[in-house]
>>> print(open('work.pdb').read())   # PDB, C-alpha atoms
ATOM      1  CA  MET A  26     133.035  61.566 121.829  1.00  0.00           C
ATOM      2  CA  ASP A  27     131.842  62.419 118.362  1.00  0.00           C
ATOM      3  CA  LYS A  28     132.710  60.424 115.274  1.00  0.00           C
ATOM      4  CA  ASP A  29     136.332  60.974 114.364  1.00  0.00           C
ATOM      5  CA  GLN A  30     138.296  60.151 111.231  1.00  0.00           C
ATOM      6  CA  THR A  31     141.155  57.955 112.437  1.00  0.00           C
ATOM      7  CA  HIS A  32     142.353  56.357 109.204  1.00  0.00           C
ATOM      8  CA  GLU A  33     141.474  56.640 105.557  1.00  0.00           C
ATOM      9  CA  GLY A  34     138.095  54.987 105.050  1.00  0.00           C
ATOM     10  CA  LEU A  35     137.563  54.582 108.798  1.00  0.00           C
ATOM     11  CA  LYS A  36     135.474  56.397 111.386  1.00  0.00           C
ATOM     12  CA  MET A  37     135.530  55.806 115.129  1.00  0.00           C
ATOM     13  CA  PHE A  38     132.942  56.438 117.818  1.00  0.00           C
ATOM     14  CA  THR A  39     133.521  56.107 121.560  1.00  0.00           C
ATOM     15  CA  GLY A  40     130.488  55.836 123.820  1.00  0.00           C
ATOM     16  CA  GLY A  41     128.905  54.451 126.950  1.00  0.00           C
ATOM     17  CA  ALA A  42     130.005  54.483 130.562  1.00  0.00           C
ATOM     18  CA  LEU A  43     133.062  52.342 129.799  1.00  0.00           C
ATOM     19  CA  GLN A  44     134.180  54.507 126.858  1.00  0.00           C
ATOM     20  CA  THR A  45     133.896  51.695 124.351  1.00  0.00           C
ATOM     21  CA  ASN A  46     135.203  52.120 120.812  1.00  0.00           C
ATOM     22  CA  SER A  47     133.307  51.212 117.669  1.00  0.00           C
ATOM     23  CA  TYR A  48     134.653  51.489 114.140  1.00  0.00           C
ATOM     24  CA  LEU A  49     132.936  52.126 110.815  1.00  0.00           C
ATOM     25  CA  VAL A  50     134.914  50.476 108.016  1.00  0.00           C
ATOM     26  CA  ALA A  51     134.320  51.405 104.373  1.00  0.00           C
ATOM     27  CA  CYS A  52     134.304  48.294 102.177  1.00  0.00           C
ATOM     28  CA  PRO A  53     133.672  48.047  98.413  1.00  0.00           C
ATOM     29  CA  ASP A  54     130.148  46.706  98.965  1.00  0.00           C
ATOM     30  CA  GLY A  55     129.125  48.869 101.931  1.00  0.00           C
ATOM     31  CA  ASN A  56     130.096  49.943 105.431  1.00  0.00           C
ATOM     32  CA  ILE A  57     130.755  47.516 108.282  1.00  0.00           C
ATOM     33  CA  LEU A  58     130.219  48.762 111.832  1.00  0.00           C
ATOM     34  CA  ILE A  59     132.419  46.885 114.288  1.00  0.00           C
ATOM     35  CA  ASP A  60     130.756  46.845 117.724  1.00  0.00           C
ATOM     36  CA  ALA A  61     127.823  48.912 118.898  1.00  0.00           C
ATOM     37  CA  PRO A  62     128.350  50.684 122.233  1.00  0.00           C
ATOM     38  CA  GLU A  63     125.766  52.990 123.743  1.00  0.00           C
ATOM     39  CA  GLY A  64     125.338  56.027 121.480  1.00  0.00           C
ATOM     40  CA  SER A  65     126.643  54.416 118.314  1.00  0.00           C
ATOM     41  CA  ALA A  66     123.179  54.012 116.795  1.00  0.00           C
ATOM     42  CA  GLU A  67     122.611  57.753 116.978  1.00  0.00           C
ATOM     43  CA  ALA A  68     126.177  58.615 115.964  1.00  0.00           C
ATOM     44  CA  PHE A  69     125.911  56.592 112.747  1.00  0.00           C
ATOM     45  CA  ARG A  70     122.191  57.084 112.161  1.00  0.00           C
ATOM     46  CA  ASP A  71     122.657  58.940 108.876  1.00  0.00           C
ATOM     47  CA  ILE A  72     125.557  56.866 107.521  1.00  0.00           C
ATOM     48  CA  PRO A  73     124.548  53.677 105.661  1.00  0.00           C
ATOM     49  CA  ILE A  74     125.571  50.501 107.472  1.00  0.00           C
ATOM     50  CA  ALA A  75     125.501  47.290 105.436  1.00  0.00           C
ATOM     51  CA  MET A  76     126.682  44.956 108.221  1.00  0.00           C
ATOM     52  CA  LEU A  77     127.167  45.030 111.990  1.00  0.00           C
ATOM     53  CA  LEU A  78     130.020  42.854 113.255  1.00  0.00           C
ATOM     54  CA  LEU A  79     130.337  42.161 116.981  1.00  0.00           C
ATOM     55  CA  THR A  80     133.734  41.243 118.424  1.00  0.00           C
ATOM     56  CA  HIS A  81     132.270  39.641 121.563  1.00  0.00           C
ATOM     57  CA  GLY A  82     129.201  39.550 123.759  1.00  0.00           C
ATOM     58  CA  HIS A  83     129.976  41.913 126.645  1.00  0.00           C
ATOM     59  CA  TYR A  84     127.207  44.443 127.132  1.00  0.00           C
ATOM     60  CA  ASP A  85     129.244  47.584 126.483  1.00  0.00           C
ATOM     61  CA  HIS A  86     130.033  46.372 122.944  1.00  0.00           C
ATOM     62  CA  VAL A  87     126.492  45.302 122.026  1.00  0.00           C
ATOM     63  CA  TRP A  88     124.316  47.893 123.782  1.00  0.00           C
ATOM     64  CA  ASP A  89     123.002  49.454 120.561  1.00  0.00           C
ATOM     65  CA  ALA A  90     123.267  46.340 118.371  1.00  0.00           C
ATOM     66  CA  ALA A  91     119.530  45.690 118.036  1.00  0.00           C
ATOM     67  CA  THR A  92     118.835  49.369 117.339  1.00  0.00           C
ATOM     68  CA  VAL A  93     121.533  49.550 114.652  1.00  0.00           C
ATOM     69  CA  ALA A  94     120.284  46.376 112.964  1.00  0.00           C
ATOM     70  CA  ARG A  95     116.684  47.570 113.037  1.00  0.00           C
ATOM     71  CA  HIS A  96     117.364  51.100 111.799  1.00  0.00           C
ATOM     72  CA  HIS A  97     119.673  50.084 108.946  1.00  0.00           C
ATOM     73  CA  GLY A  98     118.037  46.759 108.155  1.00  0.00           C
ATOM     74  CA  CYS A  99     121.508  45.236 108.120  1.00  0.00           C
ATOM     75  CA  PRO A 100     122.662  41.704 108.906  1.00  0.00           C
ATOM     76  CA  VAL A 101     124.543  41.059 112.137  1.00  0.00           C
ATOM     77  CA  ALA A 102     127.694  38.919 112.152  1.00  0.00           C
ATOM     78  CA  MET A 103     129.155  37.349 115.285  1.00  0.00           C
ATOM     79  CA  HIS A 104     130.691  34.213 116.735  1.00  0.00           C
ATOM     80  CA  PRO A 105     128.087  31.536 117.673  1.00  0.00           C
ATOM     81  CA  VAL A 106     129.067  31.885 121.346  1.00  0.00           C
ATOM     82  CA  THR A 107     128.275  35.591 121.169  1.00  0.00           C
ATOM     83  CA  GLU A 108     124.796  34.848 119.830  1.00  0.00           C
ATOM     84  CA  THR A 109     124.196  32.506 122.761  1.00  0.00           C
ATOM     85  CA  MET A 110     125.300  35.202 125.203  1.00  0.00           C
ATOM     86  CA  LEU A 111     123.028  37.822 123.641  1.00  0.00           C
ATOM     87  CA  ALA A 112     120.029  35.500 123.763  1.00  0.00           C
ATOM     88  CA  ASP A 113     120.374  35.235 127.554  1.00  0.00           C
ATOM     89  CA  ARG A 114     118.340  38.093 129.025  1.00  0.00           C
ATOM     90  CA  ASN A 115     119.662  37.350 132.518  1.00  0.00           C
ATOM     91  CA  LEU A 116     123.324  37.377 131.512  1.00  0.00           C
ATOM     92  CA  LEU A 117     124.098  40.786 133.005  1.00  0.00           C
ATOM     93  CA  ARG A 118     122.361  39.953 136.250  1.00  0.00           C
ATOM     94  CA  ARG A 119     124.748  37.039 136.646  1.00  0.00           C
ATOM     95  CA  PHE A 120     127.550  39.615 136.310  1.00  0.00           C
ATOM     96  CA  GLY A 121     125.890  41.575 139.141  1.00  0.00           C
ATOM     97  CA  ILE A 122     124.575  44.264 136.778  1.00  0.00           C
ATOM     98  CA  ASP A 123     120.840  44.940 136.950  1.00  0.00           C
ATOM     99  CA  LEU A 124     120.442  45.747 133.256  1.00  0.00           C
ATOM    100  CA  GLU A 125     119.015  44.010 130.230  1.00  0.00           C
ATOM    101  CA  VAL A 126     120.296  44.461 126.678  1.00  0.00           C
ATOM    102  CA  GLU A 127     117.884  43.894 123.810  1.00  0.00           C
ATOM    103  CA  PRO A 128     118.927  40.618 122.149  1.00  0.00           C
ATOM    104  CA  VAL A 129     119.860  40.378 118.502  1.00  0.00           C
ATOM    105  CA  ASN A 130     120.216  37.277 116.335  1.00  0.00           C
ATOM    106  CA  ALA A 131     123.170  36.356 114.159  1.00  0.00           C
ATOM    107  CA  ASN A 132     122.469  36.504 110.436  1.00  0.00           C
ATOM    108  CA  LEU A 133     126.042  35.383 109.817  1.00  0.00           C
ATOM    109  CA  LYS A 134     127.950  33.179 112.251  1.00  0.00           C
ATOM    110  CA  LEU A 135     131.680  33.780 112.107  1.00  0.00           C
ATOM    111  CA  LEU A 136     134.437  31.338 112.981  1.00  0.00           C
ATOM    112  CA  GLU A 137     138.204  31.693 112.926  1.00  0.00           C
ATOM    113  CA  GLY A 138     139.693  31.600 109.446  1.00  0.00           C
ATOM    114  CA  LEU A 139     141.901  33.405 106.969  1.00  0.00           C
ATOM    115  CA  GLY A 140     140.767  35.285 103.886  1.00  0.00           C
ATOM    116  CA  GLN A 141     137.093  35.576 104.765  1.00  0.00           C
ATOM    117  CA  ARG A 142     135.255  37.930 102.396  1.00  0.00           C
ATOM    118  CA  LEU A 143     132.867  40.421 103.934  1.00  0.00           C
ATOM    119  CA  LEU A 144     131.342  43.112 101.717  1.00  0.00           C
ATOM    120  CA  GLY A 145     134.157  42.792  99.186  1.00  0.00           C
ATOM    121  CA  THR A 146     137.035  42.990 101.696  1.00  0.00           C
ATOM    122  CA  SER A 147     139.245  40.126 102.853  1.00  0.00           C
ATOM    123  CA  PHE A 148     139.534  39.685 106.610  1.00  0.00           C
ATOM    124  CA  ASP A 149     141.522  37.244 108.698  1.00  0.00           C
ATOM    125  CA  LEU A 150     139.499  36.310 111.782  1.00  0.00           C
ATOM    126  CA  PHE A 151     141.263  35.134 114.930  1.00  0.00           C
ATOM    127  CA  GLU A 152     139.368  33.614 117.840  1.00  0.00           C
ATOM    128  CA  VAL A 153     141.121  34.690 121.037  1.00  0.00           C
ATOM    129  CA  PRO A 154     139.121  33.772 124.160  1.00  0.00           C
ATOM    130  CA  GLY A 155     140.283  34.346 127.712  1.00  0.00           C
ATOM    131  CA  HIS A 156     138.655  37.752 128.194  1.00  0.00           C
ATOM    132  CA  CYS A 157     135.311  36.578 126.829  1.00  0.00           C
ATOM    133  CA  PRO A 158     134.366  33.290 125.163  1.00  0.00           C
ATOM    134  CA  GLY A 159     134.025  33.641 121.407  1.00  0.00           C
ATOM    135  CA  SER A 160     136.096  36.835 121.153  1.00  0.00           C
ATOM    136  CA  LEU A 161     137.084  37.634 117.580  1.00  0.00           C
ATOM    137  CA  CYS A 162     139.957  39.837 116.421  1.00  0.00           C
ATOM    138  CA  ILE A 163     139.463  41.076 112.866  1.00  0.00           C
ATOM    139  CA  HIS A 164     142.476  41.768 110.652  1.00  0.00           C
ATOM    140  CA  ASP A 165     141.766  43.870 107.561  1.00  0.00           C
ATOM    141  CA  THR A 166     144.568  42.536 105.398  1.00  0.00           C
ATOM    142  CA  SER A 167     144.274  45.279 102.758  1.00  0.00           C
ATOM    143  CA  SER A 168     144.851  48.146 105.192  1.00  0.00           C
ATOM    144  CA  ASN A 169     146.759  46.158 107.851  1.00  0.00           C
ATOM    145  CA  LEU A 170     144.341  47.219 110.573  1.00  0.00           C
ATOM    146  CA  LEU A 171     143.535  44.870 113.451  1.00  0.00           C
ATOM    147  CA  PHE A 172     140.238  45.391 115.271  1.00  0.00           C
ATOM    148  CA  GLY A 173     141.061  43.794 118.579  1.00  0.00           C
ATOM    149  CA  GLY A 174     137.921  44.055 120.687  1.00  0.00           C
ATOM    150  CA  ASP A 175     138.930  43.633 124.334  1.00  0.00           C
ATOM    151  CA  VAL A 176     141.772  41.181 123.743  1.00  0.00           C
ATOM    152  CA  LEU A 177     144.791  43.495 123.455  1.00  0.00           C
ATOM    153  CA  PHE A 178     145.199  47.174 124.326  1.00  0.00           C
ATOM    154  CA  ALA A 179     147.936  49.784 124.290  1.00  0.00           C
ATOM    155  CA  GLY A 180     149.989  48.641 127.273  1.00  0.00           C
ATOM    156  CA  GLY A 181     147.428  46.122 128.473  1.00  0.00           C
ATOM    157  CA  VAL A 182     145.269  43.085 127.782  1.00  0.00           C
ATOM    158  CA  GLY A 183     141.652  42.220 128.454  1.00  0.00           C
ATOM    159  CA  ARG A 184     140.681  41.428 132.032  1.00  0.00           C
ATOM    160  CA  TRP A 185     140.303  37.730 132.746  1.00  0.00           C
ATOM    161  CA  ASP A 186     138.415  37.845 136.082  1.00  0.00           C
ATOM    162  CA  LEU A 187     134.936  37.893 134.517  1.00  0.00           C
ATOM    163  CA  PRO A 188     132.852  34.738 133.941  1.00  0.00           C
ATOM    164  CA  GLY A 189     134.488  32.704 131.184  1.00  0.00           C
ATOM    165  CA  GLY A 190     137.830  34.464 131.656  1.00  0.00           C
ATOM    166  CA  ASP A 191     141.129  32.589 131.553  1.00  0.00           C
ATOM    167  CA  ARG A 192     144.483  34.353 131.837  1.00  0.00           C
ATOM    168  CA  ASP A 193     146.571  31.599 130.269  1.00  0.00           C
ATOM    169  CA  LEU A 194     144.162  31.157 127.376  1.00  0.00           C
ATOM    170  CA  LEU A 195     144.137  34.895 126.705  1.00  0.00           C
ATOM    171  CA  LEU A 196     147.909  35.368 126.767  1.00  0.00           C
ATOM    172  CA  SER A 197     148.501  32.227 124.709  1.00  0.00           C
ATOM    173  CA  GLY A 198     146.063  33.390 122.041  1.00  0.00           C
ATOM    174  CA  ILE A 199     147.673  36.820 121.861  1.00  0.00           C
ATOM    175  CA  SER A 200     151.146  35.300 121.613  1.00  0.00           C
ATOM    176  CA  THR A 201     150.356  32.712 118.954  1.00  0.00           C
ATOM    177  CA  LYS A 202     147.785  34.553 116.822  1.00  0.00           C
ATOM    178  CA  LEU A 203     148.278  38.324 117.112  1.00  0.00           C
ATOM    179  CA  LEU A 204     151.956  38.928 117.809  1.00  0.00           C
ATOM    180  CA  PRO A 205     153.087  37.097 114.628  1.00  0.00           C
ATOM    181  CA  LEU A 206     151.284  39.744 112.541  1.00  0.00           C
ATOM    182  CA  PRO A 207     153.527  42.364 110.863  1.00  0.00           C
ATOM    183  CA  GLY A 208     154.950  44.821 113.371  1.00  0.00           C
ATOM    184  CA  GLN A 209     153.438  47.800 111.547  1.00  0.00           C
ATOM    185  CA  THR A 210     149.923  46.381 111.966  1.00  0.00           C
ATOM    186  CA  VAL A 211     147.793  49.075 113.611  1.00  0.00           C
ATOM    187  CA  LEU A 212     145.752  47.723 116.502  1.00  0.00           C
ATOM    188  CA  LEU A 213     142.407  49.450 117.034  1.00  0.00           C
ATOM    189  CA  PRO A 214     141.222  48.215 120.437  1.00  0.00           C
ATOM    190  CA  GLY A 215     137.817  48.192 122.066  1.00  0.00           C
ATOM    191  CA  HIS A 216     138.991  50.747 124.636  1.00  0.00           C
ATOM    192  CA  GLY A 217     141.716  53.347 124.580  1.00  0.00           C
ATOM    193  CA  PRO A 218     144.049  54.622 121.864  1.00  0.00           C
ATOM    194  CA  PRO A 219     145.456  52.785 118.849  1.00  0.00           C
ATOM    195  CA  THR A 220     148.836  51.120 118.973  1.00  0.00           C
ATOM    196  CA  THR A 221     150.905  48.743 116.831  1.00  0.00           C
ATOM    197  CA  ILE A 222     151.869  45.114 117.143  1.00  0.00           C
ATOM    198  CA  ALA A 223     155.555  46.112 117.276  1.00  0.00           C
ATOM    199  CA  GLU A 224     154.899  48.530 120.144  1.00  0.00           C
ATOM    200  CA  GLU A 225     153.063  45.913 122.180  1.00  0.00           C
ATOM    201  CA  LYS A 226     155.651  43.211 121.544  1.00  0.00           C
ATOM    202  CA  ALA A 227     158.344  45.573 122.755  1.00  0.00           C
ATOM    203  CA  ASN A 228     156.666  47.309 125.680  1.00  0.00           C
ATOM    204  CA  ASN A 229     153.445  45.647 126.845  1.00  0.00           C
ATOM    205  CA  PRO A 230     154.229  44.403 130.392  1.00  0.00           C
ATOM    206  CA  TYR A 231     151.733  41.539 130.118  1.00  0.00           C
ATOM    207  CA  LEU A 232     153.560  40.137 127.109  1.00  0.00           C
ATOM    208  CA  ALA A 233     157.090  40.103 128.482  1.00  0.00           C
ATOM    209  CA  GLY A 234     158.971  37.245 126.890  1.00  0.00           C
ATOM    210  CA  ALA A 235     156.187  36.489 124.410  1.00  0.00           C
TER     211      ALA A 235
END
>>> encode(input="work.pdb", output="structure tokens")
Amino acid sequence: MDKDQTHEGLKMFTGGALQTNSYLVACPDGNILIDAPEGSAEAFRDIPIAMLLLTHGHYDHVWDAATVARHHGCPVAMHPVTETMLADRNLLRRFGIDLEVEPVNANLKLLEGLGQRLLGTSFDLFEVPGHCPGSLCIHDTSSNLLFGGDVLFAGGVGRWDLPGGDRDLLLSGISTKLLPLPGQTVLLPGHGPPTTIAEEKANNPYLAGA
């Protein structure tokens, strides 16, 4: 899919075999690209990127990360666990996938916390493992957008049957950290269409009673 304007100041690209979403966020001090699936480097080649932020270390979200960082000369921000995953060239083979993703180092290591300033914008960062260790959900408090990675989807949640997965940990993190956000918060997930926190609280079958 080509780049598509999905919200004021936001562009989305969907690429790779798993149809993974990435988002280009306009901040006062430059653009942040959230996740780098296959094809994103070419899609955003001619748009300045001042920072690449990775939600987690699964290959479909980081496929073009090294290319993006090299082409734009931009720093890469991620959770320390994600950096460890990306440094492991045999990681995918342990998942049964005979591929190797070019590693990329973290210039900025991100941990959970409220009011973190990135390129002039305030973000609340929530660590929600259970799908993947070190998964970060990024809440843009000025626009009330939540970049959810593979934690929460429209009508679903991230799978927990991969190495490092934990169903209870995932659902607990969603319940205690994401669902308390304002109902009108727009969730922009790593796969599939956008939704809202209110919609998922009301109708997501995995969150019944949350």
>>> residues_around(input="work.pdb", residues="stretch 186-199 of chain A", least_positions_apart="3", cutoff="6 Å", atoms="only C-alpha atoms", output="ChimeraX atom specification")
/A:153-157,202-203
>>> residues_around(input="work.pdb", residues="stretch 204-220 of chain A", least_positions_apart="2", cutoff="9 Å", atoms="only C-alpha atoms", output="PyMOL selection string")
chain A and resi 39+43-48+60+80+86+164+168-180+199-202+222-226+235
>>> resolve_selection(input="work.pdb", expression="the PyMOL selection byres ((chain A and resi 74) around 8)", output="VMD selection string")
chain A and resid 55 to 58 72 to 73 75 to 77 97 99
>>> closest_residue(input="work.pdb", among="A:Ser160, A:Ser147, A:Ser65, A:Thr166", to="A:Gly183", atoms="all atoms listed in the file")
A:Ser160
>>> closest_residue(input="work.pdb", among="A:Gly181, A:Leu136, A:Gly145, A:Glu67", to="A:Ser167", atoms="all atoms listed in the file")
A:Gly145
>>> closest_residue(input="work.pdb", among="A:Leu139, A:Ala90, A:Ala131, A:Leu232", to="A:Thr109", atoms="all atoms listed in the file")
A:Ala131
>>> resolve_selection(input="work.pdb", expression="the PyMOL selection byres ((chain A and resi 108) around 9)", output="MDAnalysis selection string")
chainID A and resid 82 103:107 109:113 128:131 134
>>> atom_distance(input="work.pdb", atom1="atom CA of A:Glu125", atom2="atom CA of A:Val87")
11.2 Å
>>> atom_distance(input="work.pdb", atom1="atom CA of A:Ala61", atom2="atom CA of A:Trp88")
6.1 Å
>>> closest_residue(input="work.pdb", among="A:Trp185, A:Phe148, A:Tyr231, A:Tyr84", to="A:Pro62", atoms="all atoms listed in the file")
A:Tyr84
>>> closest_residue(input="work.pdb", among="A:Arg184, A:Arg142, A:Arg70, A:Lys36", to="A:Pro53", atoms="only C-alpha atoms")
A:Arg142
>>> atom_distance(input="work.pdb", atom1="atom CA of A:Asp85", atom2="atom CA of A:Val101")
16.4 Å
>>> closest_residue(input="work.pdb", among="A:Ala42, A:Ala91, A:Leu143, A:Leu161", to="A:Glu127", atoms="all atoms listed in the file")
A:Ala91
>>> build_atoms(input="work.pdb", residues="stretch 150-166 of chain A", atoms="N, CA and C atoms", output="PDB file, in the frame of the given file")
ATOM      1  N   LEU A 150     140.171  36.324 110.487  1.00  0.00           N
ATOM      2  CA  LEU A 150     139.499  36.310 111.782  1.00  0.00           C
ATOM      3  C   LEU A 150     140.233  35.383 112.735  1.00  0.00           C
ATOM      4  N   PHE A 151     140.564  35.904 113.910  1.00  0.00           N
ATOM      5  CA  PHE A 151     141.263  35.134 114.930  1.00  0.00           C
ATOM      6  C   PHE A 151     140.374  35.030 116.160  1.00  0.00           C
ATOM      7  N   GLU A 152     140.120  33.810 116.597  1.00  0.00           N
ATOM      8  CA  GLU A 152     139.368  33.614 117.840  1.00  0.00           C
ATOM      9  C   GLU A 152     140.351  33.603 118.995  1.00  0.00           C
ATOM     10  N   VAL A 153     140.202  34.565 119.903  1.00  0.00           N
ATOM     11  CA  VAL A 153     141.121  34.690 121.037  1.00  0.00           C
ATOM     12  C   VAL A 153     140.287  34.829 122.312  1.00  0.00           C
ATOM     13  N   PRO A 154     139.863  33.711 122.897  1.00  0.00           N
ATOM     14  CA  PRO A 154     139.121  33.772 124.160  1.00  0.00           C
ATOM     15  C   PRO A 154     140.062  34.040 125.327  1.00  0.00           C
ATOM     16  N   GLY A 155     139.496  34.071 126.514  1.00  0.00           N
ATOM     17  CA  GLY A 155     140.283  34.346 127.712  1.00  0.00           C
ATOM     18  C   GLY A 155     139.802  35.592 128.409  1.00  0.00           C
ATOM     19  N   HIS A 156     139.384  36.612 127.641  1.00  0.00           N
ATOM     20  CA  HIS A 156     138.655  37.752 128.194  1.00  0.00           C
ATOM     21  C   HIS A 156     137.170  37.449 128.164  1.00  0.00           C
ATOM     22  N   CYS A 157     136.707  36.945 127.017  1.00  0.00           N
ATOM     23  CA  CYS A 157     135.311  36.578 126.829  1.00  0.00           C
ATOM     24  C   CYS A 157     135.261  35.420 125.845  1.00  0.00           C
ATOM     25  N   PRO A 158     134.492  34.387 126.132  1.00  0.00           N
ATOM     26  CA  PRO A 158     134.366  33.290 125.163  1.00  0.00           C
ATOM     27  C   PRO A 158     133.878  33.807 123.807  1.00  0.00           C
ATOM     28  N   GLY A 159     134.449  33.263 122.743  1.00  0.00           N
ATOM     29  CA  GLY A 159     134.025  33.641 121.407  1.00  0.00           C
ATOM     30  C   GLY A 159     134.566  34.962 120.905  1.00  0.00           C
ATOM     31  N   SER A 160     135.537  35.550 121.594  1.00  0.00           N
ATOM     32  CA  SER A 160     136.096  36.835 121.153  1.00  0.00           C
ATOM     33  C   SER A 160     136.786  36.689 119.804  1.00  0.00           C
ATOM     34  N   LEU A 161     136.469  37.607 118.899  1.00  0.00           N
ATOM     35  CA  LEU A 161     137.084  37.634 117.580  1.00  0.00           C
ATOM     36  C   LEU A 161     137.930  38.887 117.413  1.00  0.00           C
ATOM     37  N   CYS A 162     139.127  38.721 116.867  1.00  0.00           N
ATOM     38  CA  CYS A 162     139.957  39.837 116.421  1.00  0.00           C
ATOM     39  C   CYS A 162     139.929  39.821 114.901  1.00  0.00           C
ATOM     40  N   ILE A 163     139.722  40.981 114.296  1.00  0.00           N
ATOM     41  CA  ILE A 163     139.463  41.076 112.866  1.00  0.00           C
ATOM     42  C   ILE A 163     140.598  41.840 112.208  1.00  0.00           C
ATOM     43  N   HIS A 164     141.343  41.153 111.335  1.00  0.00           N
ATOM     44  CA  HIS A 164     142.476  41.768 110.652  1.00  0.00           C
ATOM     45  C   HIS A 164     142.077  42.102 109.227  1.00  0.00           C
ATOM     46  N   ASP A 165     142.005  43.393 108.924  1.00  0.00           N
ATOM     47  CA  ASP A 165     141.766  43.870 107.561  1.00  0.00           C
ATOM     48  C   ASP A 165     143.100  43.798 106.831  1.00  0.00           C
ATOM     49  N   THR A 166     143.264  42.790 106.003  1.00  0.00           N
ATOM     50  CA  THR A 166     144.568  42.536 105.398  1.00  0.00           C
ATOM     51  C   THR A 166     144.949  43.586 104.357  1.00  0.00           C
TER      52      THR A 166
END
